[in-house]
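Source file protein.txt; content: compact mmCIF, C-alpha atoms (C1' of nucleotides).
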# COMPACT_ATOMS: atom_id res chain seq x y z
CA MET A 208 29.88 -45.45 9.02
CA THR A 209 32.72 -47.93 9.03
CA ASP A 210 33.45 -48.36 12.74
CA GLN A 211 31.21 -49.40 15.58
CA LEU A 212 30.90 -46.00 17.23
CA SER A 213 29.85 -44.41 13.96
CA ALA A 214 27.22 -47.09 13.49
CA VAL A 215 25.86 -46.49 16.99
CA PHE A 216 25.77 -42.71 16.68
CA GLY A 217 24.33 -43.05 13.21
CA ALA A 218 21.59 -45.30 14.52
CA LEU A 219 20.79 -42.81 17.28
CA ALA A 220 20.60 -39.95 14.79
CA ASP A 221 17.07 -40.97 13.81
CA PRO A 222 14.11 -40.08 16.07
CA THR A 223 12.17 -43.14 14.97
CA ARG A 224 15.01 -45.42 16.00
CA ARG A 225 15.43 -43.67 19.33
CA ALA A 226 11.71 -44.11 19.93
CA ILE A 227 12.02 -47.79 19.12
CA LEU A 228 14.80 -48.18 21.65
CA ALA A 229 12.70 -46.34 24.21
CA ARG A 230 9.81 -48.71 23.56
CA LEU A 231 12.06 -51.72 23.99
CA ARG A 232 12.90 -50.67 27.53
CA ALA A 233 9.37 -51.80 28.37
CA GLY A 234 10.16 -55.27 27.04
CA ASP A 235 10.69 -57.22 23.85
CA ALA A 236 8.28 -56.55 21.02
CA ASN A 237 7.55 -57.75 17.51
CA VAL A 238 7.72 -55.64 14.38
CA ALA A 239 4.00 -54.90 14.26
CA GLU A 240 4.01 -53.59 17.82
CA LEU A 241 7.06 -51.46 17.14
CA ALA A 242 5.56 -50.07 13.94
CA ALA A 243 2.21 -49.18 15.49
CA PRO A 244 3.08 -45.71 16.86
CA PHE A 245 4.49 -44.46 13.57
CA ALA A 246 2.84 -43.17 10.41
CA MET A 247 5.14 -45.38 8.42
CA SER A 248 4.91 -48.67 6.57
CA GLN A 249 6.00 -51.95 8.10
CA PRO A 250 8.95 -52.44 5.74
CA ALA A 251 10.27 -49.03 6.76
CA VAL A 252 10.27 -50.10 10.40
CA SER A 253 11.88 -53.41 9.48
CA ARG A 254 14.75 -51.51 7.94
CA HIS A 255 15.13 -49.30 10.99
CA LEU A 256 15.39 -52.50 13.01
CA LYS A 257 18.05 -53.72 10.62
CA VAL A 258 20.06 -50.56 11.28
CA LEU A 259 19.68 -51.00 15.03
CA GLU A 260 20.73 -54.62 14.73
CA ALA A 261 23.79 -53.73 12.66
CA ALA A 262 24.79 -51.25 15.36
CA GLY A 263 24.44 -53.99 17.97
CA LEU A 264 21.64 -52.10 19.71
CA ILE A 265 19.11 -54.91 19.38
CA THR A 266 19.14 -58.66 18.96
CA ARG A 267 16.28 -60.68 17.55
CA SER A 268 14.62 -64.02 18.13
CA ARG A 269 11.62 -65.88 16.79
CA ARG A 270 8.37 -66.73 18.52
CA ALA A 271 6.13 -68.50 16.06
CA THR A 272 5.88 -66.26 13.00
CA ALA A 273 6.83 -63.19 14.98
CA ARG A 274 10.36 -61.85 15.43
CA LEU A 275 11.02 -60.31 18.80
CA SER A 276 13.42 -57.41 19.15
CA HIS A 277 15.45 -57.21 22.34
CA LEU A 278 17.30 -54.15 23.59
CA GLU A 279 21.07 -54.53 23.83
CA ALA A 280 22.34 -51.49 25.67
CA ASN A 281 26.04 -52.29 25.68
CA PRO A 282 26.85 -50.14 22.64
CA LEU A 283 25.23 -47.25 24.48
CA ARG A 284 27.77 -47.77 27.24
CA ASP A 285 30.53 -47.45 24.64
CA ALA A 286 28.97 -44.27 23.33
CA THR A 287 28.70 -42.91 26.85
CA ALA A 288 32.35 -43.76 27.43
CA TRP A 289 33.31 -41.76 24.37
CA LEU A 290 31.24 -38.78 25.50
CA ALA A 291 32.83 -38.99 28.93
CA GLY A 292 36.04 -37.79 27.34
CA TYR A 293 34.36 -34.39 27.00
CA ARG A 294 32.85 -34.15 30.46
CA GLU A 295 35.34 -31.63 31.73
CA TYR A 296 34.43 -29.28 28.91
CA TRP A 297 30.91 -28.74 30.12
CA GLU A 298 31.05 -29.80 33.75
CA GLU A 299 33.54 -27.37 35.22
CA SER A 300 33.04 -24.32 33.14
CA HIS A 301 29.52 -23.44 32.05
CA ASP A 302 27.36 -24.35 34.98
CA ARG A 303 29.51 -22.48 37.46
CA LEU A 304 29.88 -19.59 35.09
CA ASP A 305 26.14 -19.55 34.51
CA GLU A 306 25.52 -19.49 38.24
CA LEU A 307 27.98 -16.67 38.59
CA LEU A 308 26.33 -14.71 35.82
CA ALA A 309 22.90 -15.37 37.31
CA ARG A 310 24.03 -13.92 40.61
CA LEU A 311 25.55 -10.94 38.88
CA GLN A 312 22.32 -10.40 36.98
CA ASP A 313 20.36 -10.39 40.20
CA THR A 314 22.34 -7.42 41.41
CA HIS A 315 23.06 -5.71 38.08
CA PRO A 316 20.21 -6.58 35.67
CA GLU A 317 21.53 -4.32 32.90
CA GLU A 318 24.77 -6.12 32.20
CA ASP A 319 23.18 -8.80 30.01
CA GLU A 320 23.73 -8.50 26.30
CA GLU A 321 22.89 -10.66 23.29
CA PRO A 322 25.84 -10.58 20.87
CA THR A 323 23.84 -11.24 17.68
CA MET B 25 17.69 -34.78 11.41
CA THR B 26 15.04 -32.30 12.51
CA ASP B 27 15.66 -32.04 16.25
CA GLN B 28 18.74 -31.09 18.17
CA LEU B 29 19.59 -34.55 19.48
CA SER B 30 19.42 -36.00 15.99
CA ALA B 31 21.76 -33.29 14.74
CA VAL B 32 24.24 -34.02 17.53
CA PHE B 33 24.20 -37.78 17.06
CA GLY B 34 24.34 -37.31 13.32
CA ALA B 35 27.39 -35.09 13.67
CA LEU B 36 29.08 -37.66 15.90
CA ALA B 37 28.38 -40.43 13.39
CA ASP B 38 31.35 -39.35 11.28
CA PRO B 39 34.91 -40.29 12.35
CA THR B 40 36.39 -37.17 10.78
CA ARG B 41 34.07 -34.96 12.79
CA ARG B 42 34.81 -36.84 16.01
CA ALA B 43 38.52 -36.38 15.30
CA ILE B 44 37.97 -32.67 14.78
CA LEU B 45 36.23 -32.41 18.13
CA ALA B 46 39.06 -34.33 19.73
CA ARG B 47 41.55 -31.93 18.25
CA LEU B 48 39.62 -28.94 19.54
CA ARG B 49 40.05 -30.15 23.10
CA ALA B 50 43.66 -29.02 22.72
CA GLY B 51 42.47 -25.52 21.88
CA ASP B 52 40.88 -23.43 19.16
CA ALA B 53 42.17 -23.98 15.65
CA ASN B 54 41.67 -22.61 12.15
CA VAL B 55 40.43 -24.60 9.19
CA ALA B 56 43.87 -25.29 7.77
CA GLU B 57 45.08 -26.75 11.05
CA LEU B 58 41.99 -28.88 11.37
CA ALA B 59 42.28 -30.12 7.81
CA ALA B 60 45.96 -31.03 8.07
CA PRO B 61 45.60 -34.56 9.53
CA PHE B 62 43.15 -35.70 6.88
CA ALA B 63 43.61 -36.83 3.30
CA MET B 64 40.79 -34.57 2.31
CA SER B 65 40.38 -31.20 0.64
CA GLN B 66 39.88 -27.98 2.60
CA PRO B 67 36.28 -27.47 1.41
CA ALA B 68 35.41 -30.94 2.66
CA VAL B 69 36.66 -30.02 6.13
CA SER B 70 34.82 -26.70 5.94
CA ARG B 71 31.60 -28.58 5.41
CA HIS B 72 32.29 -30.90 8.31
CA LEU B 73 32.75 -27.78 10.42
CA LYS B 74 29.44 -26.50 9.14
CA VAL B 75 27.76 -29.69 10.32
CA LEU B 76 29.41 -29.39 13.73
CA GLU B 77 28.34 -25.76 13.96
CA ALA B 78 24.75 -26.61 13.03
CA ALA B 79 24.72 -29.20 15.81
CA GLY B 80 25.96 -26.58 18.24
CA LEU B 81 29.18 -28.49 18.85
CA ILE B 82 31.45 -25.65 17.77
CA THR B 83 31.28 -21.89 17.53
CA ARG B 84 33.47 -19.77 15.30
CA SER B 85 35.27 -16.47 15.43
CA ARG B 86 37.66 -14.53 13.24
CA ARG B 87 41.28 -13.71 13.79
CA ALA B 88 42.58 -11.81 10.78
CA THR B 89 41.69 -13.90 7.75
CA ALA B 90 41.47 -17.07 9.75
CA ARG B 91 38.32 -18.47 11.34
CA LEU B 92 38.87 -20.15 14.66
CA SER B 93 36.72 -23.10 15.69
CA HIS B 94 35.91 -23.43 19.37
CA LEU B 95 34.59 -26.56 21.04
CA GLU B 96 31.13 -26.23 22.60
CA ALA B 97 30.55 -29.35 24.64
CA ASN B 98 27.08 -28.57 25.95
CA PRO B 99 25.27 -30.62 23.29
CA LEU B 100 27.41 -33.55 24.35
CA ARG B 101 25.98 -33.16 27.82
CA ASP B 102 22.50 -33.40 26.33
CA ALA B 103 23.49 -36.52 24.44
CA THR B 104 24.94 -37.99 27.62
CA ALA B 105 21.72 -37.18 29.43
CA TRP B 106 19.75 -39.08 26.82
CA LEU B 107 22.05 -42.07 27.06
CA ALA B 108 21.75 -42.01 30.84
CA GLY B 109 18.16 -43.17 30.41
CA TYR B 110 19.59 -46.53 29.38
CA ARG B 111 22.21 -46.89 32.11
CA GLU B 112 20.27 -49.47 34.08
CA TYR B 113 20.13 -51.71 31.03
CA TRP B 114 23.84 -52.31 31.01
CA GLU B 115 25.01 -51.30 34.46
CA GLU B 116 22.93 -53.30 36.90
CA SER B 117 21.86 -56.27 34.86
CA HIS B 118 24.37 -58.00 32.70
CA ASP B 119 27.56 -58.02 34.67
CA ARG B 120 26.04 -58.87 38.03
CA LEU B 121 23.54 -61.33 36.59
CA ASP B 122 26.27 -63.04 34.63
CA GLU B 123 28.35 -63.34 37.77
CA LEU B 124 25.38 -64.76 39.66
CA LEU B 125 24.64 -67.31 36.96
CA ALA B 126 28.27 -68.29 36.81
CA ARG B 127 28.27 -69.02 40.52
CA LEU B 128 25.02 -70.96 40.32
CA GLN B 129 26.37 -73.03 37.48
CA ASP B 130 29.40 -73.93 39.54
CA THR B 131 27.29 -75.51 42.28
CA HIS B 132 24.17 -76.68 40.39
CA PRO B 133 25.12 -77.12 36.74
CA GLU B 134 21.69 -78.59 35.80
CA GLU B 135 19.45 -75.72 36.88
CA ASP B 136 20.25 -73.56 33.88
CA GLU B 137 17.70 -73.63 31.11
CA GLU B 138 17.28 -71.78 27.84
CA PRO B 139 13.56 -71.01 27.32
CA THR B 140 13.03 -71.50 23.57
C1' DC C 242 -1.91 -79.52 2.58
C1' DC C 243 -3.75 -75.17 2.67
C1' DC C 244 -4.35 -70.94 4.73
C1' DT C 245 -3.37 -67.28 7.88
C1' DT C 246 -0.06 -64.48 10.16
C1' DC C 247 4.00 -61.92 10.48
C1' DT C 248 8.22 -60.18 8.53
C1' DA C 249 11.78 -59.49 4.94
C1' DG C 250 13.21 -58.43 0.30
C1' DA C 251 12.98 -56.28 -4.38
C1' DA C 252 12.46 -52.39 -7.08
C1' DC C 253 11.84 -47.80 -7.28
C1' DG C 254 12.29 -42.55 -6.30
C1' DA C 255 13.49 -38.34 -3.71
C1' DA C 256 16.56 -36.24 -0.84
C1' DA C 257 20.68 -36.08 1.93
C1' DT C 258 25.64 -37.02 2.48
C1' DG C 259 30.46 -36.75 1.49
C1' DG C 260 33.75 -36.01 -1.60
C1' DT C 261 35.90 -33.43 -5.71
C1' DT C 262 37.73 -28.94 -8.40
C1' DA C 263 37.34 -24.25 -9.51
C1' DT C 264 36.19 -19.78 -7.99
C1' DA C 265 34.45 -16.11 -5.15
C1' DG C 266 34.69 -13.49 -0.77
C1' DA C 267 36.60 -11.49 3.42
C1' DT C 268 40.43 -9.63 5.84
C1' DG C 269 44.85 -7.66 6.79
C1' DA C 270 49.56 -6.22 5.04
C1' DC C 271 52.04 -3.06 2.27
C1' DG D 133 44.29 0.35 -3.99
C1' DT D 134 46.62 -3.97 -4.66
C1' DC D 135 48.09 -8.23 -3.27
C1' DA D 136 48.49 -12.33 -0.35
C1' DT D 137 46.17 -15.32 2.81
C1' DC D 138 42.56 -18.04 4.51
C1' DT D 139 37.95 -19.86 4.07
C1' DA D 140 33.32 -20.42 1.95
C1' DT D 141 30.44 -21.27 -1.99
C1' DA D 142 29.09 -23.23 -6.47
C1' DA D 143 28.61 -26.96 -9.45
C1' DC D 144 29.08 -31.50 -10.00
C1' DC D 145 29.11 -36.63 -9.06
C1' DA D 146 28.65 -41.13 -6.53
C1' DT D 147 26.70 -43.24 -2.78
C1' DT D 148 23.67 -43.74 1.07
C1' DT D 149 19.43 -43.03 3.35
C1' DC D 150 14.59 -43.17 4.04
C1' DG D 151 10.39 -43.71 2.41
C1' DT D 152 7.02 -46.12 -0.79
C1' DT D 153 4.35 -50.51 -2.88
C1' DC D 154 4.25 -55.10 -4.17
C1' DT D 155 5.61 -59.69 -3.43
C1' DA D 156 8.14 -63.51 -1.45
C1' DG D 157 9.28 -66.35 2.58
C1' DA D 158 9.04 -68.53 7.18
C1' DA D 159 6.34 -70.62 10.85
C1' DG D 160 2.09 -72.57 12.90
C1' DG D 161 -2.96 -73.74 13.02
C1' DG D 162 -7.01 -76.27 11.05

Could you show the structure in this file as structure tokens?
Amino acid sequence: MTDQLSAVFGALADPTRRAILARLRAGDANVAELAAPFAMSQPAVSRHLKVLEAAGLITRSRRATARLSHLEANPLRDATAWLAGYREYWEESHDRLDELLARLQDTHPEEDEEPT
Amino acid sequence: MTDQLSAVFGALADPTRRAILARLRAGDANVAELAAPFAMSQPAVSRHLKVLEAAGLITRSRRATARLSHLEANPLRDATAWLAGYREYWEESHDRLDELLARLQDTHPEEDEEPT
DNA sequence: CCCTTCTAGAACGAAATGGTTATAGATGAC
DNA sequence: GTCATCTATAACCATTTCGTTCTAGAAGGG
């Protein structure tokens, strides 16, 4: 987890953290609000936020005693850019092949096989 | 790492595994070929391949004693689809808003304020 | 000030991760 | 069958990760 991309993908590898990001699309929120949906202690959520912050996926500010988390989606753009390098490997081939196979199945239903 | 998306993002969180995927764009390869670029033992690479396979990012076949790894990019499409849910948070807003603010500052430098 | 509110840190434990070396297993050649 | 080749597994270790509970710290309100 040395580079930025690894940190971003690593942050996204956790369902709780993805849910937190999803929540933040609705607007900034404090730790208590972010922790509410989860059967998890507050310190656990605080550490998830620390991971997201380290990956550059959120920034934080204070409002009174609360600390607001704010979504920073730019690293997600970087991740998307990386994934774009693989577009051709699922765009051209499978979907068209699947369509082709679907049409073949319509006419010859027996030709489908499940190779273990 | 219970669900599929977590497995995919988790697999992508490692630079070695991303490099392996990059290599596989050039064509199928056996373990020895995949291990060559890295200062790492063969079993270590075998386990990285196991992680990639578990995430659905590669499939494997035999050719004589060798096992060929084949890139399966479909999970990357799923990951891209997830990331697409955040597009508006970096595409529409920042760049255009920043440009707008820059132009406003040029003509009315005082109207900019930082709330809190 | 003191007290309440909200969040972070410390200390701990279980499990996962990423590497090692040594060895076993599968496959094809002879 | 025997041997060579290629890869996986086993056993081990260090580190990281993810959760816990308890406590400390920061910021305002009365």

Point to revise | Residue list for chain D near chain B as a PyMOL selection string, 8 Å, all atoms listed in the file | key: chain D and resi 137-140

Residues of chain C at most 10 Å from chain A: nearest atom pair and distance in Å, all atoms listed in the file, as a Markdown table:
| residue | atom | partner | partner_atom | distance |
| --- | --- | --- | --- | --- |
| C:DT246 | C1' | A:Thr272 | CA | 6.8 |
| C:DC247 | C1' | A:Thr272 | CA | 5.4 |
| C:DT248 | C1' | A:Ala273 | CA | 7.3 |
| C:DA249 | C1' | A:Ser253 | CA | 7.6 |
| C:DG250 | C1' | A:Pro250 | CA | 9.1 |

Practice item. Write out as a count of residues only each polymer residue whose atoms come within 12 Å of DC244 (chain C), counting all atoms listed in the file; drop sequence neighbours fewer than 5 positions from it. Key: 3

Determine, using only C-alpha atoms, which residues of chain A have any atom at most 12 Å from an atom of chain B, and tabulate each with its shortest atom pair and distance in Å to one decimal place, rows ordered by chain and then rising number, as a Markdown table.
| residue | atom | partner | partner_atom | distance |
| --- | --- | --- | --- | --- |
| A:Met208 | CA | B:Asp38 | CA | 6.7 |
| A:Thr209 | CA | B:Pro39 | CA | 8.6 |
| A:Asp210 | CA | B:Pro39 | CA | 8.2 |
| A:Gln211 | CA | B:Ala37 | CA | 9.7 |
| A:Leu212 | CA | B:Ala37 | CA | 7.2 |
| A:Ser213 | CA | B:Ala37 | CA | 4.3 |
| A:Ala214 | CA | B:Ala37 | CA | 6.8 |
| A:Val215 | CA | B:Ala37 | CA | 7.5 |
| A:Phe216 | CA | B:Ala37 | CA | 4.8 |
| A:Gly217 | CA | B:Ala37 | CA | 4.8 |
| A:Ala218 | CA | B:Phe33 | CA | 8.4 |
| A:Leu219 | CA | B:Phe33 | CA | 6.1 |
| A:Ala220 | CA | B:Ser30 | CA | 4.3 |
| A:Asp221 | CA | B:Ser30 | CA | 5.9 |
| A:Pro222 | CA | B:Ser30 | CA | 6.7 |
| A:Thr223 | CA | B:Ser30 | CA | 10.2 |
| A:Arg224 | CA | B:Ser30 | CA | 10.4 |
| A:Arg225 | CA | B:Ser30 | CA | 9.3 |
| A:Ala226 | CA | B:Trp106 | CA | 11.7 |
| A:Leu228 | CA | B:Tyr110 | CA | 9.2 |
| A:Ala229 | CA | B:Tyr110 | CA | 8.6 |
| A:Arg230 | CA | B:Tyr110 | CA | 11.6 |
| A:Leu231 | CA | B:Tyr110 | CA | 10.6 |
| A:Arg232 | CA | B:Tyr110 | CA | 8.1 |
| A:Ala233 | CA | B:Tyr113 | CA | 11.1 |
| A:Gly234 | CA | B:Tyr113 | CA | 11.3 |
| A:Ala262 | CA | B:Ala37 | CA | 11.6 |
| A:Leu264 | CA | B:Tyr110 | CA | 11.3 |
| A:Ser268 | CA | B:Thr140 | CA | 9.4 |
| A:Arg269 | CA | B:Thr140 | CA | 8.9 |
| A:Arg270 | CA | B:Thr140 | CA | 8.4 |
| A:Ala271 | CA | B:Thr140 | CA | 10.6 |
| A:His277 | CA | B:Tyr113 | CA | 11.3 |
| A:Leu278 | CA | B:Tyr113 | CA | 8.3 |
| A:Glu279 | CA | B:Tyr113 | CA | 7.8 |
| A:Ala280 | CA | B:Trp114 | CA | 5.6 |
| A:Asn281 | CA | B:Trp114 | CA | 5.8 |
| A:Pro282 | CA | B:Trp114 | CA | 9.2 |
| A:Leu283 | CA | B:Leu107 | CA | 6.6 |
| A:Arg284 | CA | B:Trp114 | CA | 7.1 |
| A:Asp285 | CA | B:Leu107 | CA | 10.3 |
| A:Ala286 | CA | B:Leu107 | CA | 8.2 |
| A:Thr287 | CA | B:Thr104 | CA | 6.2 |
| A:Ala288 | CA | B:Thr104 | CA | 9.4 |
| A:Trp289 | CA | B:Thr104 | CA | 9.7 |
| A:Leu290 | CA | B:Leu100 | CA | 6.6 |
| A:Ala291 | CA | B:Thr104 | CA | 8.1 |
| A:Gly292 | CA | B:Ala46 | CA | 8.9 |
| A:Tyr293 | CA | B:Ala97 | CA | 6.7 |
| A:Arg294 | CA | B:Arg101 | CA | 7.4 |
| A:Glu295 | CA | B:Ala97 | CA | 8.9 |
| A:Tyr296 | CA | B:Ala97 | CA | 5.8 |
| A:Trp297 | CA | B:Ala97 | CA | 5.5 |
| A:Glu298 | CA | B:Arg101 | CA | 8.5 |
| A:Glu299 | CA | B:Ala97 | CA | 11.2 |
| A:Ser300 | CA | B:Ala97 | CA | 10.2 |
| A:His301 | CA | B:Asn98 | CA | 8.3 |
| A:Asp302 | CA | B:Asn98 | CA | 10.0 |

Practice item. Can you pull out every residue within 10 Å of DT153 (chain D), counting all atoms listed in the file, but drop anything in the same chain fewer than 4 positions away, and send it as a list in words? Key: Ser248 and Pro250 of chain A; DA252 and DC253 of chain C

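Coordinates place C1' of DT258 (chain C) at a distance of 20.0 Å from CA of Ala251 (chain A).
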
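Here C1' of DA158 (chain D) stands at a distance of 18.4 Å from CA of Thr266 (chain A).
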
**Study point:** CA of Leu92 (chain B) to CA of Pro61 (chain B), distance in Å rounded to a single decimal
**Key:**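 Atom-to-atom, CA of Leu92 (chain B) and CA of Pro61 (chain B) are spaced 16.7 Å apart.
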
Point to revise | Nearest residue to DC271 (chain C) from the set D:DA159, D:DC150, D:DA142, D:DC135 (distances using all atoms listed in the file) | key: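 Between D:DA159, D:DC150, D:DA142, D:DC135, the residue approaching DC271 (chain C) most closely is D:DC135.
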
Exercise for review: Rank C:DT264, C:DA257, C:DA270, C:DT245 by their smallest atom-to-atom distance to DT147 (chain D), using only C-alpha atoms (C1' of nucleotides), and report the top residue only.
Suggested key: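 Among the listed residues, C:DA257 lies closest to DT147 (chain D).
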
Specify the axis-aligned box that encloses all atoms of region 220-223 of chain A listed in the file after padding of 4 Å on each side, stating its centre and edge lengths in Å to one decimal as AutoDock Vina command-line options.
--center_x 16.4 --center_y -41.5 --center_z 14.9 --size_x 16.4 --size_y 11.2 --size_z 10.3
